[in-house]
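See structure below.
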Amino acid sequence: MDKILITGGQRLEGEIENSGAKNAALPVIAASLLTKGWNTFHNIPDLVDIKTIKKLLGSFGVVFADEKGSLRINAEDIQSCTAAYDLVRTMRASVLVLGPLVARLGEAHVSLPGGCAIGARPVNLHIRALQDMGAEVELKDGYVIAKARRLKGATIYFDIITVTGTENIMMAAALADGTTLLKNAAREPEVVNLAEILNGMGARIIGAGTDIIRIDGVPSLHPVEGTIISDRIEAGTFMIAAGITGGDICIRNCHPGHHDALIAKLRDTGMEMVVGDRSIRAIAKGRPRSVDVKTLAYPGFPTDLQAQIMSLMTVASGLSLMTETIFENRFMHVSELMRMGADIAVQGHSAVVKGVPKLHGAPVMATDLRASASLILAGLAAEGRTELSRVYHLDRGYERIEEKFSRLGAAMERVKA
Ligand code: EPU
């Protein structure tokens, strides 16, 4: 397995180009199941998770044509509606095919994904919503089997805000009979991107980006050409990298409006944040000040940046209280950061981070994508060498990360197994 070697202590400076968002691309690719004919999507990132969803759709009979940064998808001829365990267990977002398959074919067999490094992550709300829309759902041999000749519009209240749940049901409702109202819906930019692309296919969705989404079902959808938004978590990771290395990094091709929570937090640490139309320049101003962080659904502080900002807090001046409210087990990076000299105490859903003047390099590994990113950031700031293993987590969600960091002046290389 590949490793990433980092020699810390370099000040990072320069520009990076923000890649397309993994978590926007995945539902949009799943949405192509709702159409017959060639869809074209631009700004698709080159990531392992994208390969996984292509493999999954390919197993149903969907065909693809790759062009540089774009993906053409044709779901005209679907021969299977079974999402097998082998693929689903490697990527939980595979559950995004559930809604589109039931809506398009009247039936879906989707493996339950099972446990996960950051929490139990059930899909009960996806299932409940499909039942509310008239689907018959049973759980058999580890699979969700959902059937409905035609889904019916319904008013659905999500007990907990769920991003892929909102997306799944929005896709299902696009082809349902009648009007669906999603209440307490997720407001993430990725949901809005999906709604806009569905509307381009002929869907009638209003309210995406608010907590009430109205979907008037239509009998059929047509293929579309659409563009994936830029990845706010990748952009945020590089902003934090500027802070932790005393650097100055400009992120180009991003959507500054998606970053209000992070920009405010980084300003509180003392960083200067220069916000342009499609760019953000993050400039460190000496040692960061400690800030408290609580993760929340969008537009709150993203859980997908909690591990990375914790790395920044490990070298800040003072005490920081980090509270994770989205996932119950998302502090797996803490013990690795402590091996690098961080001073962190975890209690339940909170962690108290006492900033230290310096971290030191160490061999580390992480159990999930964002935790791996936090260890890269810690390695960039640490004295000496950090060796990060299990790099496959990073490859799921960060495009050419070592190339991007190296161009900014990081001493970072990938060692092939
Ligand atoms: N939840 C339930 N029941 C459900 C669905 C969710 O209890 O049926 C709970 C979850 O267990 C969790 C909370 O609701 O405690 C929120 O989970 P959500 O469903 O919003 O998460 P998700 O849709 O599975 C997406 C992203 C995650 C990101 C979360 C939160 C994609 C493909 N994944 O996951 O991204 O952390 O929203 O913002 O969009 C990542 O990219 O590293 C990643 C984990």
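Going through the structure tokens in order, the chains are called A, B, and so on, while each chain numbers its residues from 1 and the ligands are numbered from 1 in the order shown.
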
Exercise answer, 6 Å around ligand 1 with only C-alpha atoms and all ligand atoms, as a short mmCIF file (atom, residue, chain, number, x, y, z; two decimals) with C-alpha atoms, in the first residue's frame:
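File produced: part16.cif:
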data_model
loop_
_atom_site.label_atom_id
_atom_site.label_comp_id
_atom_site.auth_asym_id
_atom_site.auth_seq_id
_atom_site.Cartn_x
_atom_site.Cartn_y
_atom_site.Cartn_z
CA ASN A 23 -20.01 14.73 -2.56
CA ALA A 93 -22.66 6.76 -0.71
CA ALA A 120 -23.07 3.71 12.86
CA ARG A 121 -24.55 5.73 9.99
CA PRO A 122 -27.89 3.96 9.54
CA VAL A 123 -30.09 4.57 6.47
CA ASN A 124 -33.40 4.28 8.32
CA LEU A 125 -34.50 7.77 7.26
CA HIS A 126 -34.00 6.97 3.56
CA ILE A 160 -32.28 14.24 11.70
CA ILE A 161 -30.86 16.36 8.89
CA THR A 162 -29.43 13.91 6.37
CA VAL A 163 -27.51 14.92 3.27
CA THR A 164 -27.66 11.73 1.19
CA GLY A 165 -31.15 11.05 2.59
CA THR A 303 -17.97 17.84 10.24
CA ASP A 304 -15.78 17.03 7.23
CA ILE A 326 -23.00 14.98 13.47
CA PHE A 327 -21.18 11.67 13.93
CA LEU A 369 -10.63 10.23 4.66
CA ARG A 370 -10.81 13.45 6.65
#

| message | What's around range 129-132 of chain A at 9 Å? Count only C-alpha atoms, leave out sequence neighbours fewer than 5 positions away in its own chain, and write the answer as a list in words. | response |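 Neighbouring residues, sequence-local ones excluded: Gly99, Val102, Asn124, Val137, Ala146, Leu151, Lys152, Gly153, Ala154, Thr155, Ile156, Tyr157, Phe158, Gly165, Ile169 and Ala172 of chain A.
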
Can you write just those residues out, N, CA and C atoms, as an mmCIF file, in the first residue's frame?
data_model
loop_
_atom_site.group_PDB
_atom_site.id
_atom_site.type_symbol
_atom_site.label_atom_id
_atom_site.label_comp_id
_atom_site.auth_asym_id
_atom_site.auth_seq_id
_atom_site.Cartn_x
_atom_site.Cartn_y
_atom_site.Cartn_z
ATOM 1 N N GLY A 99 -32.997 5.472 -4.262
ATOM 2 C CA GLY A 99 -34.123 6.299 -4.722
ATOM 3 C C GLY A 99 -34.281 6.256 -6.242
ATOM 4 N N VAL A 102 -35.593 2.754 -7.570
ATOM 5 C CA VAL A 102 -37.022 2.501 -7.317
ATOM 6 C C VAL A 102 -37.876 3.386 -8.235
ATOM 7 N N ASN A 124 -31.984 4.424 7.987
ATOM 8 C CA ASN A 124 -33.404 4.281 8.323
ATOM 9 C C ASN A 124 -34.262 5.427 7.785
ATOM 10 N N VAL A 137 -40.999 -1.983 1.606
ATOM 11 C CA VAL A 137 -39.572 -2.187 1.857
ATOM 12 C C VAL A 137 -39.389 -3.335 2.823
ATOM 13 N N ALA A 146 -36.669 -2.656 -2.002
ATOM 14 C CA ALA A 146 -37.756 -1.674 -2.073
ATOM 15 C C ALA A 146 -38.501 -1.849 -3.385
ATOM 16 N N LEU A 151 -43.955 5.567 -7.255
ATOM 17 C CA LEU A 151 -43.936 6.240 -5.953
ATOM 18 C C LEU A 151 -44.956 7.381 -5.955
ATOM 19 N N LYS A 152 -45.489 7.642 -4.740
ATOM 20 C CA LYS A 152 -46.490 8.715 -4.637
ATOM 21 C C LYS A 152 -45.910 9.860 -3.816
ATOM 22 N N GLY A 153 -46.213 11.070 -4.217
ATOM 23 C CA GLY A 153 -45.745 12.235 -3.469
ATOM 24 C C GLY A 153 -46.225 12.176 -2.019
ATOM 25 N N ALA A 154 -45.421 12.698 -1.110
ATOM 26 C CA ALA A 154 -45.779 12.651 0.316
ATOM 27 C C ALA A 154 -45.092 13.808 1.028
ATOM 28 N N THR A 155 -45.583 14.097 2.235
ATOM 29 C CA THR A 155 -44.870 15.059 3.072
ATOM 30 C C THR A 155 -43.964 14.266 3.990
ATOM 31 N N ILE A 156 -42.670 14.565 3.909
ATOM 32 C CA ILE A 156 -41.682 13.781 4.663
ATOM 33 C C ILE A 156 -40.937 14.689 5.614
ATOM 34 N N TYR A 157 -40.930 14.307 6.868
ATOM 35 C CA TYR A 157 -40.172 15.068 7.856
ATOM 36 C C TYR A 157 -38.940 14.249 8.237
ATOM 37 N N PHE A 158 -37.760 14.822 8.017
ATOM 38 C CA PHE A 158 -36.537 14.123 8.431
ATOM 39 C C PHE A 158 -36.258 14.446 9.899
ATOM 40 N N GLY A 165 -29.720 11.361 2.478
ATOM 41 C CA GLY A 165 -31.149 11.049 2.593
ATOM 42 C C GLY A 165 -31.978 12.056 1.802
ATOM 43 N N ILE A 169 -34.109 11.018 -1.690
ATOM 44 C CA ILE A 169 -35.569 11.163 -1.785
ATOM 45 C C ILE A 169 -35.946 12.245 -2.792
ATOM 46 N N ALA A 172 -35.884 10.362 -5.977
ATOM 47 C CA ALA A 172 -37.045 9.459 -6.084
ATOM 48 C C ALA A 172 -38.305 10.281 -6.373
#

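Shortest atom-to-atom contact with Ile233 in chain A among A:Asn168, A:Ser19, A:Ser70, A:Ser350: A:Ser19, counting only C-alpha atoms.
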
Per DSSP on the backbone, filter range 100-288 of chain A down to the residues in strand (DSSP E) and report them as a short mmCIF file (atom, residue, chain, number, x, y, z; two decimals) with N, CA, C and O atoms, in the first residue's frame.
data_model
loop_
_atom_site.label_atom_id
_atom_site.label_comp_id
_atom_site.auth_asym_id
_atom_site.auth_seq_id
_atom_site.Cartn_x
_atom_site.Cartn_y
_atom_site.Cartn_z
N GLU A 107 -38.16 -1.04 -8.57
CA GLU A 107 -37.58 -2.03 -7.65
C GLU A 107 -36.08 -1.76 -7.46
O GLU A 107 -35.40 -1.39 -8.41
N ALA A 108 -35.61 -1.97 -6.24
CA ALA A 108 -34.17 -1.84 -5.98
C ALA A 108 -33.78 -2.83 -4.89
O ALA A 108 -34.53 -3.02 -3.93
N HIS A 109 -32.62 -3.45 -5.07
CA HIS A 109 -32.05 -4.32 -4.04
C HIS A 109 -30.69 -3.71 -3.72
O HIS A 109 -29.77 -3.80 -4.52
N VAL A 110 -30.59 -3.07 -2.57
CA VAL A 110 -29.35 -2.37 -2.24
C VAL A 110 -28.81 -2.90 -0.92
O VAL A 110 -29.52 -2.89 0.10
N SER A 111 -27.58 -3.36 -0.96
CA SER A 111 -26.98 -3.90 0.26
C SER A 111 -26.93 -2.81 1.34
O SER A 111 -26.66 -1.64 1.05
N GLU A 136 -42.94 -0.54 -0.80
CA GLU A 136 -42.88 -1.65 0.16
C GLU A 136 -41.42 -1.98 0.35
O GLU A 136 -40.69 -2.20 -0.62
N VAL A 137 -41.00 -1.98 1.61
CA VAL A 137 -39.57 -2.19 1.86
C VAL A 137 -39.39 -3.34 2.82
O VAL A 137 -40.06 -3.40 3.86
N GLU A 138 -38.51 -4.26 2.47
CA GLU A 138 -38.14 -5.29 3.45
C GLU A 138 -36.62 -5.40 3.52
O GLU A 138 -35.91 -5.06 2.57
N LEU A 139 -36.14 -5.85 4.66
CA LEU A 139 -34.71 -6.08 4.83
C LEU A 139 -34.50 -7.58 4.81
O LEU A 139 -35.09 -8.31 5.60
N LYS A 140 -33.70 -8.03 3.85
CA LYS A 140 -33.52 -9.48 3.70
C LYS A 140 -32.07 -9.78 3.35
O LYS A 140 -31.52 -9.19 2.42
N TYR A 143 -29.82 -6.97 2.67
CA TYR A 143 -30.20 -6.06 1.59
C TYR A 143 -31.48 -5.32 1.92
O TYR A 143 -32.38 -5.87 2.56
N VAL A 144 -31.59 -4.06 1.45
CA VAL A 144 -32.86 -3.33 1.46
C VAL A 144 -33.52 -3.65 0.13
O VAL A 144 -32.95 -3.40 -0.93
N ILE A 145 -34.71 -4.21 0.20
CA ILE A 145 -35.44 -4.48 -1.04
C ILE A 145 -36.66 -3.57 -1.06
O ILE A 145 -37.53 -3.65 -0.18
N ALA A 146 -36.67 -2.66 -2.00
CA ALA A 146 -37.76 -1.67 -2.07
C ALA A 146 -38.50 -1.85 -3.39
O ALA A 146 -37.88 -2.00 -4.45
N LYS A 147 -39.83 -1.83 -3.30
CA LYS A 147 -40.65 -2.00 -4.50
C LYS A 147 -41.78 -0.99 -4.50
O LYS A 147 -42.41 -0.75 -3.47
N THR A 155 -45.58 14.10 2.23
CA THR A 155 -44.87 15.06 3.07
C THR A 155 -43.96 14.27 3.99
O THR A 155 -44.42 13.39 4.72
N ILE A 156 -42.67 14.57 3.91
CA ILE A 156 -41.68 13.78 4.66
C ILE A 156 -40.94 14.69 5.61
O ILE A 156 -40.39 15.73 5.20
N TYR A 157 -40.93 14.31 6.87
CA TYR A 157 -40.17 15.07 7.86
C TYR A 157 -38.94 14.25 8.24
O TYR A 157 -39.06 13.11 8.69
N THR A 179 -46.98 15.64 -5.53
CA THR A 179 -46.02 16.57 -4.90
C THR A 179 -45.43 15.97 -3.61
O THR A 179 -46.15 15.43 -2.78
N THR A 180 -44.12 16.12 -3.49
CA THR A 180 -43.44 15.70 -2.26
C THR A 180 -42.88 16.94 -1.57
O THR A 180 -42.31 17.82 -2.23
N LEU A 181 -43.07 17.00 -0.27
CA LEU A 181 -42.46 18.08 0.52
C LEU A 181 -41.44 17.44 1.45
O LEU A 181 -41.79 16.54 2.22
N LEU A 182 -40.19 17.90 1.37
CA LEU A 182 -39.17 17.42 2.31
C LEU A 182 -38.99 18.49 3.37
O LEU A 182 -38.62 19.63 3.05
N LYS A 183 -39.28 18.12 4.61
CA LYS A 183 -39.13 19.10 5.70
C LYS A 183 -37.92 18.74 6.56
O LYS A 183 -37.65 17.57 6.76
N ARG A 204 -39.11 19.22 -11.38
CA ARG A 204 -39.68 20.47 -10.87
C ARG A 204 -39.44 20.55 -9.38
O ARG A 204 -40.24 20.07 -8.57
N ILE A 205 -38.29 21.11 -9.03
CA ILE A 205 -37.86 21.16 -7.62
C ILE A 205 -37.66 22.62 -7.24
O ILE A 205 -36.95 23.35 -7.93
N ILE A 206 -38.28 23.03 -6.15
CA ILE A 206 -37.99 24.38 -5.64
C ILE A 206 -37.65 24.30 -4.15
O ILE A 206 -38.09 23.37 -3.45
N ILE A 212 -37.00 23.38 3.49
CA ILE A 212 -38.21 22.77 2.92
C ILE A 212 -38.05 22.72 1.40
O ILE A 212 -37.88 23.76 0.74
N ILE A 213 -38.07 21.53 0.87
CA ILE A 213 -37.91 21.36 -0.58
C ILE A 213 -39.21 20.79 -1.12
O ILE A 213 -39.75 19.82 -0.58
N ARG A 214 -39.70 21.42 -2.20
CA ARG A 214 -40.93 20.93 -2.83
C ARG A 214 -40.57 20.32 -4.19
O ARG A 214 -39.88 20.95 -5.00
N ILE A 215 -41.05 19.12 -4.40
CA ILE A 215 -40.77 18.42 -5.66
C ILE A 215 -42.11 18.03 -6.28
O ILE A 215 -42.85 17.22 -5.69
N ASP A 216 -42.43 18.61 -7.44
CA ASP A 216 -43.62 18.17 -8.17
C ASP A 216 -43.18 17.11 -9.15
O ASP A 216 -42.39 17.39 -10.07
N GLU A 225 -26.76 18.33 -19.64
CA GLU A 225 -25.34 18.64 -19.48
C GLU A 225 -25.24 19.54 -18.25
O GLU A 225 -25.99 20.52 -18.15
N GLY A 226 -24.38 19.20 -17.32
CA GLY A 226 -24.31 19.99 -16.08
C GLY A 226 -22.90 20.03 -15.53
O GLY A 226 -22.02 19.29 -15.97
N THR A 227 -22.70 20.91 -14.56
CA THR A 227 -21.36 21.10 -13.99
C THR A 227 -21.39 20.89 -12.47
O THR A 227 -22.28 21.41 -11.79
N ASP A 248 0.65 31.22 2.97
CA ASP A 248 -0.18 32.17 2.21
C ASP A 248 -0.65 31.41 0.96
O ASP A 248 0.14 31.22 0.03
N ILE A 249 -1.89 30.94 0.97
CA ILE A 249 -2.38 30.07 -0.13
C ILE A 249 -3.64 30.68 -0.71
O ILE A 249 -4.57 31.04 0.02
N CYS A 250 -3.66 30.75 -2.04
CA CYS A 250 -4.86 31.23 -2.72
C CYS A 250 -5.56 30.03 -3.37
O CYS A 250 -4.92 29.28 -4.12
N ILE A 251 -6.82 29.84 -3.05
CA ILE A 251 -7.60 28.74 -3.65
C ILE A 251 -8.42 29.34 -4.78
O ILE A 251 -9.28 30.19 -4.54
N ARG A 252 -8.15 28.91 -5.98
CA ARG A 252 -8.85 29.43 -7.16
C ARG A 252 -9.99 28.51 -7.54
O ARG A 252 -9.98 27.32 -7.22
N GLU A 272 -5.63 36.19 8.05
CA GLU A 272 -6.27 37.15 7.13
C GLU A 272 -6.89 36.34 5.99
O GLU A 272 -6.22 35.49 5.39
N MET A 273 -8.16 36.58 5.71
CA MET A 273 -8.86 35.85 4.64
C MET A 273 -9.30 36.87 3.60
O MET A 273 -10.11 37.75 3.91
N VAL A 274 -8.76 36.75 2.42
CA VAL A 274 -9.11 37.69 1.34
C VAL A 274 -10.06 36.98 0.38
O VAL A 274 -9.68 36.00 -0.26
N VAL A 275 -11.30 37.47 0.35
CA VAL A 275 -12.34 36.76 -0.39
C VAL A 275 -12.60 37.45 -1.72
O VAL A 275 -12.95 38.64 -1.77
N SER A 279 -12.39 33.09 -5.60
CA SER A 279 -11.13 32.70 -4.96
C SER A 279 -11.12 33.12 -3.49
O SER A 279 -11.85 34.02 -3.09
N ILE A 280 -10.31 32.41 -2.73
CA ILE A 280 -10.10 32.80 -1.33
C ILE A 280 -8.59 32.71 -1.08
O ILE A 280 -7.96 31.68 -1.41
N ARG A 281 -8.03 33.79 -0.52
CA ARG A 281 -6.61 33.74 -0.16
C ARG A 281 -6.53 33.69 1.35
O ARG A 281 -7.12 34.52 2.05
N ALA A 282 -5.85 32.67 1.86
CA ALA A 282 -5.73 32.46 3.31
C ALA A 282 -4.30 32.76 3.72
O ALA A 282 -3.37 32.13 3.22
N ILE A 283 -4.16 33.74 4.60
CA ILE A 283 -2.82 34.19 4.98
C ILE A 283 -2.64 34.06 6.49
O ILE A 283 -3.41 34.64 7.27
#

| said: Measuring between only C-alpha atoms, which one of A:Lys51, A:Gly134, A:Gly236, A:Phe301 shows the shortest distance to Ala261 in chain A? | reply: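 Of A:Lys51, A:Gly134, A:Gly236, A:Phe301, the one nearest Ala261 in chain A is A:Phe301, counting only C-alpha atoms.
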
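Going from CA of Ser311 in chain A to CA of Ala284 in chain A covers 14.8 Å.
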
| task | Calculate how many Å separate CA of Ala135 in chain A from CA of Lys55 in chain A, rounding to one decimal. | result |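 That distance, rounded to one decimal, is 26.4 Å.
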
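Our summary of the geometry notes that CA of Ala195 in chain A is positioned 20.4 Å from CA of Ile127 in chain A.
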
| said: Quick one: residues within 9 Å of Ala381 in chain A, only C-alpha atoms, excluding same-chain residues fewer than 2 positions away - as a PyMOL selection string? | reply: chain A and resi 7-11+241+244-246+312+315+358-361+376-379+383

| note | Using only C-alpha atoms, the best pick from A:Leu319, A:Met338, A:Leu388, A:Cys81 as closest to Val97 in chain A would be A:Cys81

| message | Under the rule that only C-alpha atoms are counted, which of A:Asn43, A:Ser372, A:Ser32, A:Gln306 is the nearest residue to Tyr398 in chain A? | response |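 Smallest separation from Tyr398 in chain A among the options: A:Ser372.
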
| Of the candidates A:Met171, A:Val63, A:Val88, A:Val191, which one gets nearest to Ala21 in chain A if we count only C-alpha atoms? |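 Of all the options, A:Val191 lies closest to Ala21 in chain A.
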
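All residues of protein, DNA or RNA that reach within 9 Å of Gly270 in chain A, judged by only C-alpha atoms and not counting those fewer than 6 positions away in the chain, are A:Ala284, A:Lys285, A:Gly286, A:Arg287, A:Pro288, A:Arg289.
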
Write out, as a compact mmCIF listing (two decimals), in the first residue's frame, the residues just selected, with N, CA, C and O atoms.
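Ended up saving to result-v3.txt:
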# COMPACT_ATOMS: atom_id res chain seq x y z
N ALA A 284 -1.63 33.31 6.91
CA ALA A 284 -1.38 33.16 8.34
C ALA A 284 -0.71 34.42 8.87
O ALA A 284 0.06 35.06 8.16
N LYS A 285 -1.04 34.75 10.12
CA LYS A 285 -0.40 35.91 10.75
C LYS A 285 0.17 35.44 12.08
O LYS A 285 -0.42 35.64 13.14
N GLY A 286 1.24 34.71 12.02
CA GLY A 286 1.86 34.23 13.26
C GLY A 286 1.13 33.00 13.81
O GLY A 286 0.30 32.38 13.13
N ARG A 287 1.42 32.68 15.07
CA ARG A 287 0.81 31.49 15.68
C ARG A 287 -0.71 31.66 15.79
O ARG A 287 -1.18 32.71 16.24
N PRO A 288 -1.49 30.64 15.38
CA PRO A 288 -2.95 30.81 15.47
C PRO A 288 -3.42 30.90 16.92
O PRO A 288 -2.81 30.31 17.81
N ARG A 289 -4.51 31.66 17.11
CA ARG A 289 -5.15 31.68 18.44
C ARG A 289 -6.12 30.51 18.51
O ARG A 289 -6.71 30.12 17.50
